[in-house]
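> Sending over my_file-v5.csv (CSV, C-alpha atoms and all ligand atoms).
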```csv
chain,number,residue,atom,x,y,z
A,100,MET,CA,-1.9,18.7,32.5
A,101,ASN,CA,-1.6,16.0,35.2
A,102,ARG,CA,1.7,14.2,36.1
A,103,THR,CA,1.1,11.2,33.9
A,104,GLU,CA,0.4,13.4,30.9
A,105,LEU,CA,3.4,15.5,31.6
A,106,ARG,CA,5.7,12.5,31.7
A,107,PHE,CA,4.1,11.3,28.5
A,108,ALA,CA,4.7,14.7,26.8
A,109,LEU,CA,8.1,15.4,28.2
A,110,ARG,CA,9.8,12.0,28.3
A,111,LEU,CA,7.9,9.8,25.9
A,112,ILE,CA,10.2,6.8,25.6
A,113,PRO,CA,11.1,6.5,29.3
A,114,PHE,CA,7.4,6.8,30.1
A,115,LEU,CA,6.5,4.1,27.6
A,116,ASP,CA,9.3,1.9,29.0
A,117,SER,CA,7.9,2.4,32.5
A,118,VAL,CA,4.4,1.0,31.6
A,119,GLU,CA,5.6,-1.8,29.3
A,120,ASP,CA,4.8,-4.5,31.8
A,121,ILE,CA,1.1,-3.6,32.4
A,122,GLU,CA,-0.7,-6.7,31.2
A,123,ASP,CA,-4.0,-5.0,30.4
A,124,GLY,CA,-2.2,-3.1,27.7
A,125,LEU,CA,-3.8,0.3,28.5
A,126,VAL,CA,-3.1,3.3,30.7
A,127,LYS,CA,-5.2,6.3,31.6
A,128,LEU,CA,-3.4,9.5,30.5
A,129,ARG,CA,-6.1,11.9,31.8
A,130,ASP,CA,-9.9,12.0,32.1
A,131,ARG,CA,-11.3,10.5,28.9
A,132,ARG,CA,-7.9,9.9,27.3
A,133,TRP,CA,-6.3,6.4,27.1
A,134,LEU,CA,-3.1,5.0,25.8
A,135,VAL,CA,-3.7,1.5,24.5
A,136,TRP,CA,-1.7,-1.4,23.1
A,137,HIS,CA,-3.4,-4.7,24.0
A,138,PRO,CA,-3.7,-6.7,20.7
A,139,ASP,CA,-7.4,-7.5,21.2
A,140,VAL,CA,-8.2,-3.8,21.9
A,141,MET,CA,-6.2,-2.7,18.9
A,142,ALA,CA,-7.8,-5.3,16.5
A,143,ALA,CA,-11.3,-4.1,17.7
A,144,LEU,CA,-10.3,-0.4,17.4
A,145,PHE,CA,-9.1,-0.8,13.8
A,146,ARG,CA,-12.2,-2.8,12.9
A,147,GLN,CA,-14.4,0.2,14.0
A,148,ASP,CA,-12.1,2.9,12.6
A,149,ARG,CA,-14.6,4.0,9.9
A,150,VAL,CA,-17.0,5.3,12.5
A,151,LEU,CA,-14.4,6.9,14.8
A,152,ARG,CA,-13.2,10.5,14.5
A,153,HIS,CA,-9.5,11.3,14.1
A,154,PRO,CA,-8.5,14.4,16.0
A,155,PRO,CA,-5.4,16.2,14.8
A,156,SER,CA,-2.1,15.8,16.7
A,157,ARG,CA,-1.5,19.1,18.6
A,158,THR,CA,2.2,18.9,17.7
A,159,LEU,CA,1.9,18.3,14.0
A,160,SER,CA,-1.3,20.1,13.0
A,161,ALA,CA,0.4,23.5,13.6
A,162,LEU,CA,3.0,22.4,11.0
A,163,LEU,CA,1.1,20.4,8.5
A,164,GLY,CA,-2.0,22.6,8.6
A,165,ASP,CA,-5.7,22.0,9.4
A,166,ARG,CA,-6.5,20.5,6.0
A,167,SER,CA,-3.8,17.8,6.1
A,168,VAL,CA,-5.0,14.4,4.9
A,169,LEU,CA,-3.7,13.1,8.2
A,170,TRP,CA,-6.8,14.4,10.0
A,171,LEU,CA,-9.5,15.0,7.5
A,172,ASP,CA,-12.4,12.6,8.0
A,173,GLY,CA,-15.4,11.2,6.1
A,174,ALA,CA,-15.9,11.7,2.4
A,175,GLU,CA,-13.0,14.2,2.0
A,176,HIS,CA,-10.6,11.7,3.6
A,177,ALA,CA,-11.8,8.8,1.5
A,178,ALA,CA,-11.4,10.9,-1.7
A,179,TYR,CA,-7.7,11.7,-0.8
A,180,ARG,CA,-7.1,8.0,-0.1
A,181,ARG,CA,-8.4,7.1,-3.5
A,182,THR,CA,-6.1,9.7,-5.1
A,183,LEU,CA,-3.0,8.6,-3.1
A,184,ALA,CA,-3.4,4.8,-3.4
A,185,PRO,CA,-2.3,4.4,-7.1
A,186,VAL,CA,0.4,7.1,-7.0
A,187,LEU,CA,2.1,5.7,-4.0
A,188,ARG,CA,2.7,2.2,-5.3
A,189,GLY,CA,6.4,1.3,-4.8
A,190,ASN,CA,6.9,-0.5,-8.1
A,191,ARG,CA,6.1,2.7,-10.1
A,192,TYR,CA,9.3,4.3,-8.7
A,193,GLN,CA,11.9,1.5,-8.8
A,194,ALA,CA,14.0,3.2,-11.5
A,195,LEU,CA,13.8,6.6,-9.7
A,196,ILE,CA,14.7,5.1,-6.3
A,197,GLU,CA,17.6,3.2,-7.8
A,198,GLU,CA,19.0,6.3,-9.5
A,199,MET,CA,18.8,8.3,-6.2
A,200,VAL,CA,20.2,5.5,-4.0
A,201,GLU,CA,23.2,4.9,-6.3
A,202,ARG,CA,23.9,8.7,-6.4
A,203,SER,CA,23.6,9.0,-2.6
A,204,ILE,CA,25.9,6.0,-2.0
A,205,ALA,CA,28.4,7.3,-4.5
A,206,GLU,CA,28.5,10.6,-2.5
A,207,LEU,CA,29.4,8.8,0.7
A,208,PRO,CA,33.0,9.4,1.7
A,209,SER,CA,34.9,6.1,1.7
A,210,GLY,CA,36.2,5.4,5.3
A,211,ASP,CA,35.0,8.7,6.9
A,212,PRO,CA,32.1,8.8,9.3
A,213,VAL,CA,28.7,10.3,8.4
A,214,GLY,CA,25.6,10.6,10.6
A,215,LEU,CA,23.4,7.6,9.6
A,216,ALA,CA,20.1,9.2,10.5
A,217,ALA,CA,20.9,12.5,8.7
A,218,TRP,CA,22.1,10.6,5.6
A,219,SER,CA,19.0,8.4,5.3
A,220,ARG,CA,16.8,11.5,6.0
A,221,LYS,CA,18.4,13.4,3.1
A,222,LEU,CA,18.0,10.5,0.7
A,223,THR,CA,14.4,9.7,1.5
A,224,LEU,CA,13.4,13.3,1.3
A,225,ARG,CA,15.0,13.5,-2.1
A,226,ILE,CA,13.0,10.5,-3.2
A,227,ILE,CA,9.6,11.8,-2.0
A,228,GLY,CA,10.5,15.3,-3.3
A,229,ARG,CA,11.0,13.9,-6.8
A,230,ILE,CA,7.7,11.9,-6.5
A,231,VAL,CA,5.8,14.9,-5.3
A,232,PHE,CA,7.2,17.6,-7.6
A,233,GLY,CA,8.6,15.5,-10.5
A,234,VAL,CA,11.9,17.3,-10.3
A,235,ASP,CA,14.9,17.5,-8.0
A,236,ASP,CA,15.2,20.7,-6.0
A,237,ASP,CA,17.8,20.1,-3.2
A,238,GLU,CA,17.8,23.8,-2.2
A,239,LEU,CA,14.1,23.8,-1.5
A,240,LEU,CA,14.4,20.4,0.4
A,241,THR,CA,17.2,21.8,2.5
A,242,ALA,CA,15.0,24.8,3.4
A,243,PHE,CA,12.2,22.4,4.3
A,244,THR,CA,14.5,20.3,6.5
A,245,ARG,CA,15.8,23.5,8.3
A,246,TRP,CA,12.2,24.6,8.9
A,247,LEU,CA,11.2,21.1,10.3
A,248,ASP,CA,14.4,20.8,12.4
A,249,CYS,CA,13.7,24.2,14.0
A,250,ARG,CA,10.3,22.9,15.2
A,251,LEU,CA,10.7,19.1,15.7
A,252,GLY,CA,14.5,18.8,16.0
A,253,SER,CA,14.3,18.0,19.8
A,254,ARG,CA,11.6,17.2,22.3
A,255,VAL,CA,12.1,20.6,24.0
A,256,ARG,CA,11.7,22.5,20.7
A,257,THR,CA,8.6,20.5,19.9
A,258,LEU,CA,7.0,21.3,23.2
A,259,ALA,CA,8.1,24.9,23.2
A,260,HIS,CA,6.5,25.4,19.8
A,261,ARG,CA,3.4,23.6,20.9
A,262,CYS,CA,2.9,25.3,24.3
A,263,LEU,CA,4.3,28.8,23.9
A,264,THR,CA,2.0,29.8,21.1
A,265,PRO,CA,-0.9,27.3,21.2
A,266,GLY,CA,-3.2,27.2,18.2
A,267,ALA,CA,-0.8,29.3,16.0
A,268,THR,CA,0.3,27.8,12.7
A,269,ARG,CA,4.1,27.5,12.3
A,270,SER,CA,4.3,27.8,8.6
A,271,ASP,CA,7.0,29.9,6.9
A,272,PRO,CA,5.4,32.2,4.3
A,273,GLU,CA,8.5,32.2,2.1
A,274,LEU,CA,9.0,28.5,2.2
A,275,ASP,CA,5.2,28.0,1.5
A,276,ARG,CA,5.5,30.2,-1.5
A,277,ARG,CA,8.4,28.2,-2.9
A,278,LEU,CA,6.7,24.8,-2.2
A,279,LEU,CA,3.5,26.0,-3.8
A,280,HIS,CA,5.3,27.3,-6.8
A,281,ARG,CA,7.0,23.9,-7.3
A,282,ALA,CA,3.7,22.1,-6.7
A,283,ARG,CA,1.7,24.3,-9.1
A,284,THR,CA,4.2,23.9,-11.9
A,285,ALA,CA,4.5,20.1,-11.4
A,286,GLU,CA,3.5,18.1,-14.5
A,287,PRO,CA,1.7,14.8,-14.4
A,288,PRO,CA,2.4,12.0,-13.4
A,289,SER,CA,4.0,13.7,-10.4
A,290,LEU,CA,2.0,13.5,-7.2
A,291,ALA,CA,1.4,17.3,-6.7
A,292,ALA,CA,-0.3,17.5,-10.1
A,293,CYS,CA,-3.0,15.0,-8.9
A,294,LEU,CA,-3.9,17.0,-5.8
A,295,PRO,CA,-6.8,19.5,-5.6
A,296,PRO,CA,-5.6,23.2,-5.6
A,297,GLU,CA,-7.6,24.2,-2.4
A,298,ASP,CA,-5.5,22.3,0.1
A,299,LEU,CA,-2.3,22.1,-1.9
A,300,ARG,CA,0.1,23.6,0.7
A,301,ASP,CA,-1.1,21.4,3.6
A,302,GLN,CA,-1.1,18.2,1.5
A,303,VAL,CA,2.4,18.9,0.0
A,304,VAL,CA,3.9,19.6,3.4
A,305,SER,CA,2.1,16.5,4.8
A,306,LEU,CA,3.4,14.2,2.1
A,307,LEU,CA,6.9,15.5,2.2
A,308,PHE,CA,6.9,15.1,6.0
A,309,ALA,CA,5.1,11.7,6.3
A,310,GLY,CA,6.9,10.4,3.2
A,311,HIS,CA,10.4,10.8,4.5
A,312,GLU,CA,10.9,11.0,8.3
A,313,THR,CA,9.5,7.5,9.1
A,314,THR,CA,11.1,5.8,6.0
A,315,ALA,CA,14.5,7.4,6.9
A,316,SER,CA,14.2,6.2,10.5
A,317,ALA,CA,13.2,2.7,9.4
A,318,THR,CA,16.1,2.5,7.0
A,319,ALA,CA,18.6,3.7,9.7
A,320,TRP,CA,17.2,1.3,12.3
A,321,THR,CA,17.5,-1.6,9.9
A,322,VAL,CA,21.1,-0.8,9.2
A,323,PHE,CA,21.6,-0.4,13.0
A,324,TRP,CA,20.2,-3.9,13.7
A,325,ILE,CA,22.2,-5.5,10.9
A,326,ASP,CA,25.3,-4.0,12.3
A,327,ARG,CA,24.5,-5.3,15.8
A,328,THR,CA,23.8,-8.9,14.6
A,329,PRO,CA,27.0,-10.8,13.8
A,330,GLY,CA,27.0,-12.5,10.4
A,331,LEU,CA,23.7,-11.1,9.3
A,332,ALA,CA,25.0,-8.7,6.7
A,333,GLU,CA,26.8,-11.5,4.8
A,334,ARG,CA,23.6,-13.7,4.8
A,335,LEU,CA,21.4,-10.9,3.6
A,336,VAL,CA,23.2,-10.2,0.3
A,337,ASP,CA,21.5,-13.2,-1.5
A,338,ASP,CA,18.5,-13.8,0.6
A,339,GLY,CA,15.5,-11.5,-0.1
A,340,ASP,CA,13.2,-13.3,2.4
A,341,LEU,CA,15.7,-12.8,5.2
A,342,LEU,CA,16.0,-9.1,4.3
A,343,ASP,CA,12.2,-8.7,4.5
A,344,ALA,CA,12.2,-10.5,7.9
A,345,THR,CA,15.0,-8.3,9.1
A,346,ILE,CA,13.1,-5.1,8.0
A,347,MET,CA,9.9,-6.4,9.8
A,348,GLU,CA,11.8,-7.2,13.0
A,349,SER,CA,13.5,-3.8,12.9
A,350,LEU,CA,10.0,-2.2,12.5
A,351,ARG,CA,8.8,-4.2,15.5
A,352,LEU,CA,11.6,-3.4,17.9
A,353,SER,CA,12.3,0.1,16.6
A,354,PRO,CA,9.1,1.4,15.1
A,355,PRO,CA,9.6,4.8,13.5
A,356,ALA,CA,6.2,5.9,14.6
A,357,THR,CA,5.9,5.2,18.3
A,358,LEU,CA,2.2,6.1,18.3
A,359,ALA,CA,-0.5,5.8,15.6
A,360,GLY,CA,-3.0,8.6,15.1
A,361,ASN,CA,-5.5,9.5,17.9
A,362,ARG,CA,-9.0,8.0,17.6
A,363,MET,CA,-12.1,9.6,19.2
A,364,SER,CA,-15.4,7.9,19.9
A,365,GLU,CA,-18.7,9.7,19.5
A,366,ASP,CA,-18.9,10.5,23.2
A,367,GLY,CA,-15.5,12.2,23.1
A,368,MET,CA,-13.2,9.5,24.5
A,369,VAL,CA,-9.7,9.8,23.0
A,370,ILE,CA,-7.7,6.7,22.3
A,371,THR,CA,-4.0,6.8,21.4
A,372,PRO,CA,-2.6,3.5,20.1
A,373,SER,CA,1.0,2.8,21.1
A,374,ILE,CA,2.9,0.9,18.4
A,375,TYR,CA,6.0,0.9,20.5
A,376,LEU,CA,4.3,-0.9,23.4
A,377,ALA,CA,2.3,-3.3,21.3
A,378,HIS,CA,5.5,-4.5,19.7
A,379,ARG,CA,7.3,-5.0,23.1
A,380,ARG,CA,4.5,-7.0,24.8
A,381,ALA,CA,6.1,-10.0,26.4
A,382,ALA,CA,2.9,-12.0,26.3
A,383,THR,CA,3.0,-11.7,22.5
A,384,TYR,CA,6.7,-11.6,21.8
A,385,PRO,CA,8.9,-13.9,24.0
A,386,HIS,CA,12.1,-12.0,24.9
A,387,PRO,CA,10.7,-8.8,23.3
A,388,HIS,CA,13.9,-6.8,23.5
A,389,VAL,CA,15.9,-9.4,21.5
A,390,PHE,CA,16.3,-8.7,17.8
A,391,ASP,CA,15.2,-12.0,16.1
A,392,PRO,CA,14.3,-12.0,12.4
A,393,ALA,CA,13.1,-15.6,12.7
A,394,ARG,CA,10.0,-14.7,14.8
A,395,THR,CA,6.7,-16.2,13.6
A,396,SER,CA,3.8,-14.0,12.5
A,397,PRO,CA,2.1,-12.2,15.4
A,398,PRO,CA,-1.6,-12.4,16.1
A,399,PRO,CA,-4.0,-9.6,14.8
A,400,GLY,CA,-3.6,-6.3,16.5
A,401,ALA,CA,0.0,-7.1,17.8
A,402,PHE,CA,2.1,-5.7,14.9
A,403,PHE,CA,1.1,-2.4,13.3
A,404,PRO,CA,4.1,-0.2,12.4
A,405,PHE,CA,2.0,1.4,9.6
A,406,GLY,CA,-1.1,1.9,11.8
A,407,GLY,CA,-4.4,0.3,10.8
A,408,GLY,CA,-8.1,0.6,10.0
A,409,VAL,CA,-9.1,3.3,7.5
A,410,ARG,CA,-6.0,5.4,8.3
A,411,HIS,CA,-3.4,2.7,7.7
A,412,CYS,CA,-0.4,4.2,6.0
A,413,PRO,CA,-0.9,4.7,2.3
A,414,GLY,CA,2.9,4.9,1.8
A,415,LYS,CA,3.6,1.4,3.2
A,416,ASP,CA,4.4,-0.2,-0.1
A,417,LEU,CA,6.6,2.7,-1.3
A,418,ALA,CA,8.4,2.8,2.1
A,419,LEU,CA,9.2,-1.0,2.1
A,420,THR,CA,10.4,-0.7,-1.5
A,421,GLU,CA,12.8,2.2,-0.5
A,422,ILE,CA,14.1,0.4,2.6
A,423,ARG,CA,14.8,-2.8,0.7
A,424,MET,CA,16.6,-1.0,-2.2
A,425,ILE,CA,18.7,1.3,0.0
A,426,VAL,CA,19.8,-1.5,2.3
A,427,THR,CA,20.6,-3.9,-0.5
A,428,ALA,CA,22.6,-1.3,-2.4
A,429,LEU,CA,24.5,-0.2,0.7
A,430,LEU,CA,25.5,-3.8,1.5
A,431,ARG,CA,26.4,-4.5,-2.1
A,432,HIS,CA,28.6,-1.5,-2.6
A,433,ARG,CA,30.0,-0.8,0.9
A,434,ARG,CA,31.3,-2.5,4.0
A,435,ILE,CA,29.4,-0.8,6.8
A,436,ARG,CA,30.6,-0.2,10.3
A,437,LEU,CA,28.6,1.8,12.9
A,438,SER,CA,30.0,3.6,15.9
A,439,ILE,CA,27.3,3.7,18.6
A,440,PRO,CA,28.0,6.0,21.6
A,441,ASN,CA,24.7,5.2,23.3
A,442,PRO,CA,22.3,2.8,21.6
A,443,ARG,CA,19.6,3.4,24.1
A,444,SER,CA,19.0,7.1,23.4
A,445,PRO,CA,16.9,7.4,20.3
A,446,GLN,CA,16.0,10.8,18.9
A,447,LEU,CA,12.3,11.9,18.9
A,448,ARG,CA,10.9,14.2,16.2
A,449,GLY,CA,7.3,14.6,17.3
A,450,ALA,CA,6.3,11.0,18.0
A,451,ALA,CA,8.7,9.6,15.3
A,452,MET,CA,11.7,7.7,16.7
A,453,ALA,CA,15.1,7.8,14.9
A,454,PRO,CA,18.5,6.6,16.0
A,455,PRO,CA,20.5,9.2,17.9
A,456,PRO,CA,22.1,11.8,15.6
A,457,SER,CA,25.5,10.8,16.9
A,458,LEU,CA,25.2,7.3,15.5
A,459,ALA,CA,27.9,7.4,12.8
A,460,MET,CA,28.3,5.2,9.8
A,461,VAL,CA,31.6,4.4,8.2
A,462,ALA,CA,31.0,3.0,4.7
A,463,THR,CA,34.2,1.7,3.1
A,464,CYS,CA,34.2,0.9,-0.7
A,465,ARG,CA,34.2,-2.9,-1.5
A,466,ARG,CA,36.9,-3.8,-4.0
A,501,LIG,C1,8.6,3.0,7.3
A,501,LIG,C2,7.9,4.1,6.8
A,501,LIG,C3,6.6,4.5,7.3
A,501,LIG,C4,6.0,4.2,8.5
A,501,LIG,C5,6.5,3.4,9.7
A,501,LIG,C6,4.7,4.9,8.5
A,501,LIG,C7,3.8,4.9,9.5
A,501,LIG,C8,2.6,5.5,9.5
A,501,LIG,C9,1.6,5.5,10.6
A,501,LIG,C10,1.8,4.8,11.9
A,501,LIG,C11,0.5,6.2,10.2
A,501,LIG,C12,-0.7,6.5,11.0
A,501,LIG,C13,-1.7,5.4,10.7
A,501,LIG,C14,-2.8,5.3,11.7
A,501,LIG,O1,-3.1,6.3,12.4
A,501,LIG,O2,-3.4,4.2,11.9
A,501,LIG,C15,0.8,6.7,8.8
A,501,LIG,C16,0.0,7.5,8.1
A,501,LIG,C17,0.3,8.1,6.9
A,501,LIG,N1,1.4,7.9,6.2
A,501,LIG,FE1,3.0,6.7,6.7
A,501,LIG,N2,4.6,5.6,7.3
A,501,LIG,C18,5.7,5.4,6.5
A,501,LIG,C19,6.0,5.8,5.3
A,501,LIG,C20,5.1,6.7,4.5
A,501,LIG,C21,5.4,7.1,3.2
A,501,LIG,C22,6.6,6.8,2.3
A,501,LIG,C23,4.4,7.9,2.8
A,501,LIG,C24,4.3,8.6,1.5
A,501,LIG,C25,3.8,9.8,1.3
A,501,LIG,C26,3.4,8.0,4.0
A,501,LIG,C27,2.3,8.7,4.0
A,501,LIG,C28,1.3,8.7,5.0
A,501,LIG,C29,0.1,9.4,5.0
A,501,LIG,C30,-0.4,10.3,4.0
A,501,LIG,C31,-0.6,9.0,6.2
A,501,LIG,C32,-2.0,9.5,6.7
A,501,LIG,C33,-3.0,8.5,6.3
A,501,LIG,C34,-4.4,8.8,6.7
A,501,LIG,O3,-4.6,9.5,7.7
A,501,LIG,O4,-5.4,8.3,6.1
A,501,LIG,N3,3.9,7.2,5.0
A,501,LIG,N4,2.0,6.3,8.4
```
Give the structure from the file, written as structure tokens.

Amino acid sequence: MNRTELRFALRLIPFLDSVEDIEDGLVKLRDRRWLVWHPDVMAALFRQDRVLRHPPSRTLSALLGDRSVLWLDGAEHAAYRRTLAPVLRGNRYQALIEEMVERSIAELPSGDPVGLAAWSRKLTLRIIGRIVFGVDDDELLTAFTRWLDCRLGSRVRTLAHRCLTPGATRSDPELDRRLLHRARTAEPPSLAACLPPEDLRDQVVSLLFAGHETTASATAWTVFWIDRTPGLAERLVDDGDLLDATIMESLRLSPPATLAGNRMSEDGMVITPSIYLAHRRAATYPHPHVFDPARTSPPPGAFFPFGGGVRHCPGKDLALTEIRMIVTALLRHRRIRLSIPNPRSPQLRGAAMAPPPSLAMVATCRR
């Protein structure tokens, strides 16, 4: 591993910040591997996505398994996408999301601090858990969170797991047995009942993971930016368009996935798209570090929090529905105050960026 790659692996956000001003929007990480974020390159890359290969992430493939939809290609990948598209539509789950959000807000202690990122993670995992299995199983989801935290809970743990035993899968046989039991006994229309039995473990783990980490971060970042913008919370209560613009601006400045999946050309060149850098390009976004929900639409290839091409996130509609409903209910039922020890130190879980665990939310009941 050369010095650039080492900095990229060990200190991802400081590394990305250090190359932010490169106008070409691309950096060589090592021989035949490039980090890219220029909008023209991104738009062209996503247009060609169908003919590119999508090599697994070394960090995540050990957890999600070789057969995860995240790195299948060709006909198998297309078949999974066809299965997932109808079952991940957000409007199918409005009643379910509402029930879970109301329950979760009711459980918040009035006036006492809770960790914002952990709270939103628990809620979004409950939602995707119910969608996947058709039933609530908080015990199983807690075991799943513990397993993930052990492997992705910090950059050091992530790299230790990746480097100390390269190639080994990091599944937990007992947890897999319980997940598979839940998945095999799931009844239609739950998501697990639509999945082919051969890859069931890898797809269930992938959907639980992809379906909650990013949505939880996006929700927490949206609450963070609302808290930091004087007067915004009051204006959001009756203005759905402003809420959507606020969520989009939060996804721009604090994208939960800092990188999209790797792309590989036929001759073996690996390209890693950087969502974080594309969204902070001064040539595209004047004063890129300022949170401004009134920004105009960006050009093609400049805004892609959900990735793009044939791999664009199939959970986008569901995620946006969840974020909208959680934030609306929070603002309606509670007065929110955040205490922010250090706003510039986000937590990384793999390449997913969440607010620091110490960011506390005090949610006082509205009378
Ligand atoms: C704010 C929330 C979310 C964000 C920011 C997000 C972001 C992303 C990104 C960047 C990718 C990679 C796309 C690429 O490589 O071009 C992706 C893929 C994926 N996401 Fe999401 N995601 C979110 C929510 C969800 C949800 C709720 C689900 C539901 C299960 C989900 C399931 C997936 C799956 C299965 C893939 C792999 C798609 C493929 O490889 O074909 N995501 N997501």
> Do you have the atom CA of A:Leu290-atom C27 of ligand LIG 501 (chain A) distance handy?
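Atom C27 of ligand LIG 501 (chain A) lies at a distance of 12.2 Å from atom CA of A:Leu290.
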> Given only C-alpha atoms and all ligand atoms as the basis, pick out the residue of A:Leu258, A:Leu169, A:Val200, A:Met363 nearest to ligand LIG 501 (chain A).
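Using only C-alpha atoms and all ligand atoms, the shortest distance to ligand LIG 501 (chain A) belongs to A:Leu169.
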> Counting only C-alpha atoms and all ligand atoms, which residue out of A:Tyr192, A:Phe308, A:Phe323, A:Phe114 sits closest to ligand LIG 501 (chain A)?
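Ranking A:Tyr192, A:Phe308, A:Phe323, A:Phe114 by distance to ligand LIG 501 (chain A), first place goes to A:Phe308.
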> Which neighbours of stretch 240-246 of chain A fall inside 9 Å, counting only C-alpha atoms, when residues of the same chain fewer than 5 positions from it are skipped, and could you give them as a CSV table (one decimal) with C-alpha atoms, in the frame of the given file?

```csv
chain,number,residue,atom,x,y,z
A,221,LYS,CA,18.4,13.4,3.1
A,224,LEU,CA,13.4,13.3,1.3
A,225,ARG,CA,15.0,13.5,-2.1
A,228,GLY,CA,10.5,15.3,-3.3
A,235,ASP,CA,14.9,17.5,-8.0
A,251,LEU,CA,10.7,19.1,15.7
A,270,SER,CA,4.3,27.8,8.6
A,271,ASP,CA,7.0,29.9,6.9
A,274,LEU,CA,9.0,28.5,2.2
A,278,LEU,CA,6.7,24.8,-2.2
A,304,VAL,CA,3.9,19.6,3.4
A,307,LEU,CA,6.9,15.5,2.2
```
> At a cut-off of 6 Å and counting all atoms listed in the file, what residues surround ligand LIG 501 (chain A)? Please answer as a list in words.
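Checked against 6 Å with all atoms listed in the file; the hits are Val168, Leu169, Trp170, Leu306, Ala309, Gly310, His311, Thr313, Thr314, Ala317, Pro355, Ala356, Ala359, Gly360, Pro404, Phe405, Gly406, Gly407, Arg410, His411, Cys412, Pro413, Gly414, Lys415, Leu417 and Ala418 of chain A.
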> Please produce a file of those selected residues containing C-alpha atoms, as a short mmCIF file (atom, residue, chain, number, x, y, z; two decimals), keeping the file's coordinate frame.

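again37.cif was written with the following content:
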```cif
data_model
loop_
_atom_site.label_atom_id
_atom_site.label_comp_id
_atom_site.auth_asym_id
_atom_site.auth_seq_id
_atom_site.Cartn_x
_atom_site.Cartn_y
_atom_site.Cartn_z
CA VAL A 168 -5.00 14.40 4.90
CA LEU A 169 -3.70 13.10 8.20
CA TRP A 170 -6.80 14.40 10.00
CA LEU A 306 3.40 14.20 2.10
CA ALA A 309 5.10 11.70 6.30
CA GLY A 310 6.90 10.40 3.20
CA HIS A 311 10.40 10.80 4.50
CA THR A 313 9.50 7.50 9.10
CA THR A 314 11.10 5.80 6.00
CA ALA A 317 13.20 2.70 9.40
CA PRO A 355 9.60 4.80 13.50
CA ALA A 356 6.20 5.90 14.60
CA ALA A 359 -0.50 5.80 15.60
CA GLY A 360 -3.00 8.60 15.10
CA PRO A 404 4.10 -0.20 12.40
CA PHE A 405 2.00 1.40 9.60
CA GLY A 406 -1.10 1.90 11.80
CA GLY A 407 -4.40 0.30 10.80
CA ARG A 410 -6.00 5.40 8.30
CA HIS A 411 -3.40 2.70 7.70
CA CYS A 412 -0.40 4.20 6.00
CA PRO A 413 -0.90 4.70 2.30
CA GLY A 414 2.90 4.90 1.80
CA LYS A 415 3.60 1.40 3.20
CA LEU A 417 6.60 2.70 -1.30
CA ALA A 418 8.40 2.80 2.10
#
```
> For stretch 128-132 of chain A, list every protein, DNA or RNA residue within 7 Å, evaluated using all atoms listed in the file, and leave out those in the same chain fewer than 6 positions away; present the list as a VMD selection string.
chain A and resid 101 103 to 104 368 to 370
> Please report the interatomic distance between atom CA of A:Pro455 and atom CA of A:Pro372 in Å with one decimal.
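Taking atom CA of A:Pro455 and atom CA of A:Pro372, their separation equals 23.9 Å.
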> Using only C-alpha atoms, which of A:Asp326, A:Asp391, A:Glu333, A:Asp301 sits nearest A:Met347?
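Among the listed residues, the smallest separation from A:Met347 belongs to A:Asp391.
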> Could you pull the residues within 8 Å of stretch 456-463 of chain A, counting all atoms listed in the file, minus those fewer than 4 positions along the same chain, as a ChimeraX atom specification?
/A:207-217,433-440,446
> So what do you get for atom CA of A:Leu350 versus atom CA of A:Trp320, distance-wise?
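Calculated distance between atom CA of A:Leu350 and atom CA of A:Trp320 is 8.0 Å.
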> Determine, counting all atoms listed in the file, which protein, DNA and RNA residues have an atom within 12 Å of an atom of A:Thr395; residues of the same chain fewer than 5 positions away are not included. Present the result as a CSV table (one decimal) with C-alpha atoms, in the frame of the given file.

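Written output follows (result08.csv):
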```
chain,number,residue,atom,x,y,z
A,344,ALA,CA,12.2,-10.5,7.9
A,347,MET,CA,9.9,-6.4,9.8
A,348,GLU,CA,11.8,-7.2,13.0
A,383,THR,CA,3.0,-11.7,22.5
A,384,TYR,CA,6.7,-11.6,21.8
A,385,PRO,CA,8.9,-13.9,24.0
A,402,PHE,CA,2.1,-5.7,14.9
```
> Out of A:Gln302, A:Ala292, A:Ser160, A:Arg465, which residue has the shortest atom-to-atom distance to A:Asp275 when counting all atoms listed in the file?
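Of the candidates, the smallest distance to A:Asp275 is held by A:Gln302.
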> For A:Asp416, work out the shell of residues within 10 Å, counting only C-alpha atoms and skipping chain neighbours fewer than 6 positions away, then give it as a compact mmCIF listing (two decimals) with C-alpha atoms, in the coordinates of the input.

```
# COMPACT_ATOMS: atom_id res chain seq x y z
CA ALA A 184 -3.40 4.80 -3.40
CA LEU A 187 2.10 5.70 -4.00
CA ARG A 188 2.70 2.20 -5.30
CA GLY A 189 6.40 1.30 -4.80
CA ASN A 190 6.90 -0.50 -8.10
```
> Dump as a list in words all residues having an atom at most 10 Å from (28.0, -5.1, -0.9), computed in the file's coordinates with all atoms listed in the file.
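Those within range, by chain then number, are Ala332, Glu333, Leu335, Val336, Val426, Thr427, Ala428, Leu429, Leu430, Arg431, His432, Arg433, Arg434, Ile435, Cys464, Arg465 and Arg466 of chain A.
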> Under the rule that all atoms listed in the file are counted, which of A:Val322, A:Ala377, A:Met141, A:Ile230 is the nearest residue to A:Leu183?
A:Ile230
> Smallest atom-to-atom distance to A:Thr371: which of A:Trp136, A:Asp120, A:Phe145, A:Ile112, using all atoms listed in the file?
A:Trp136
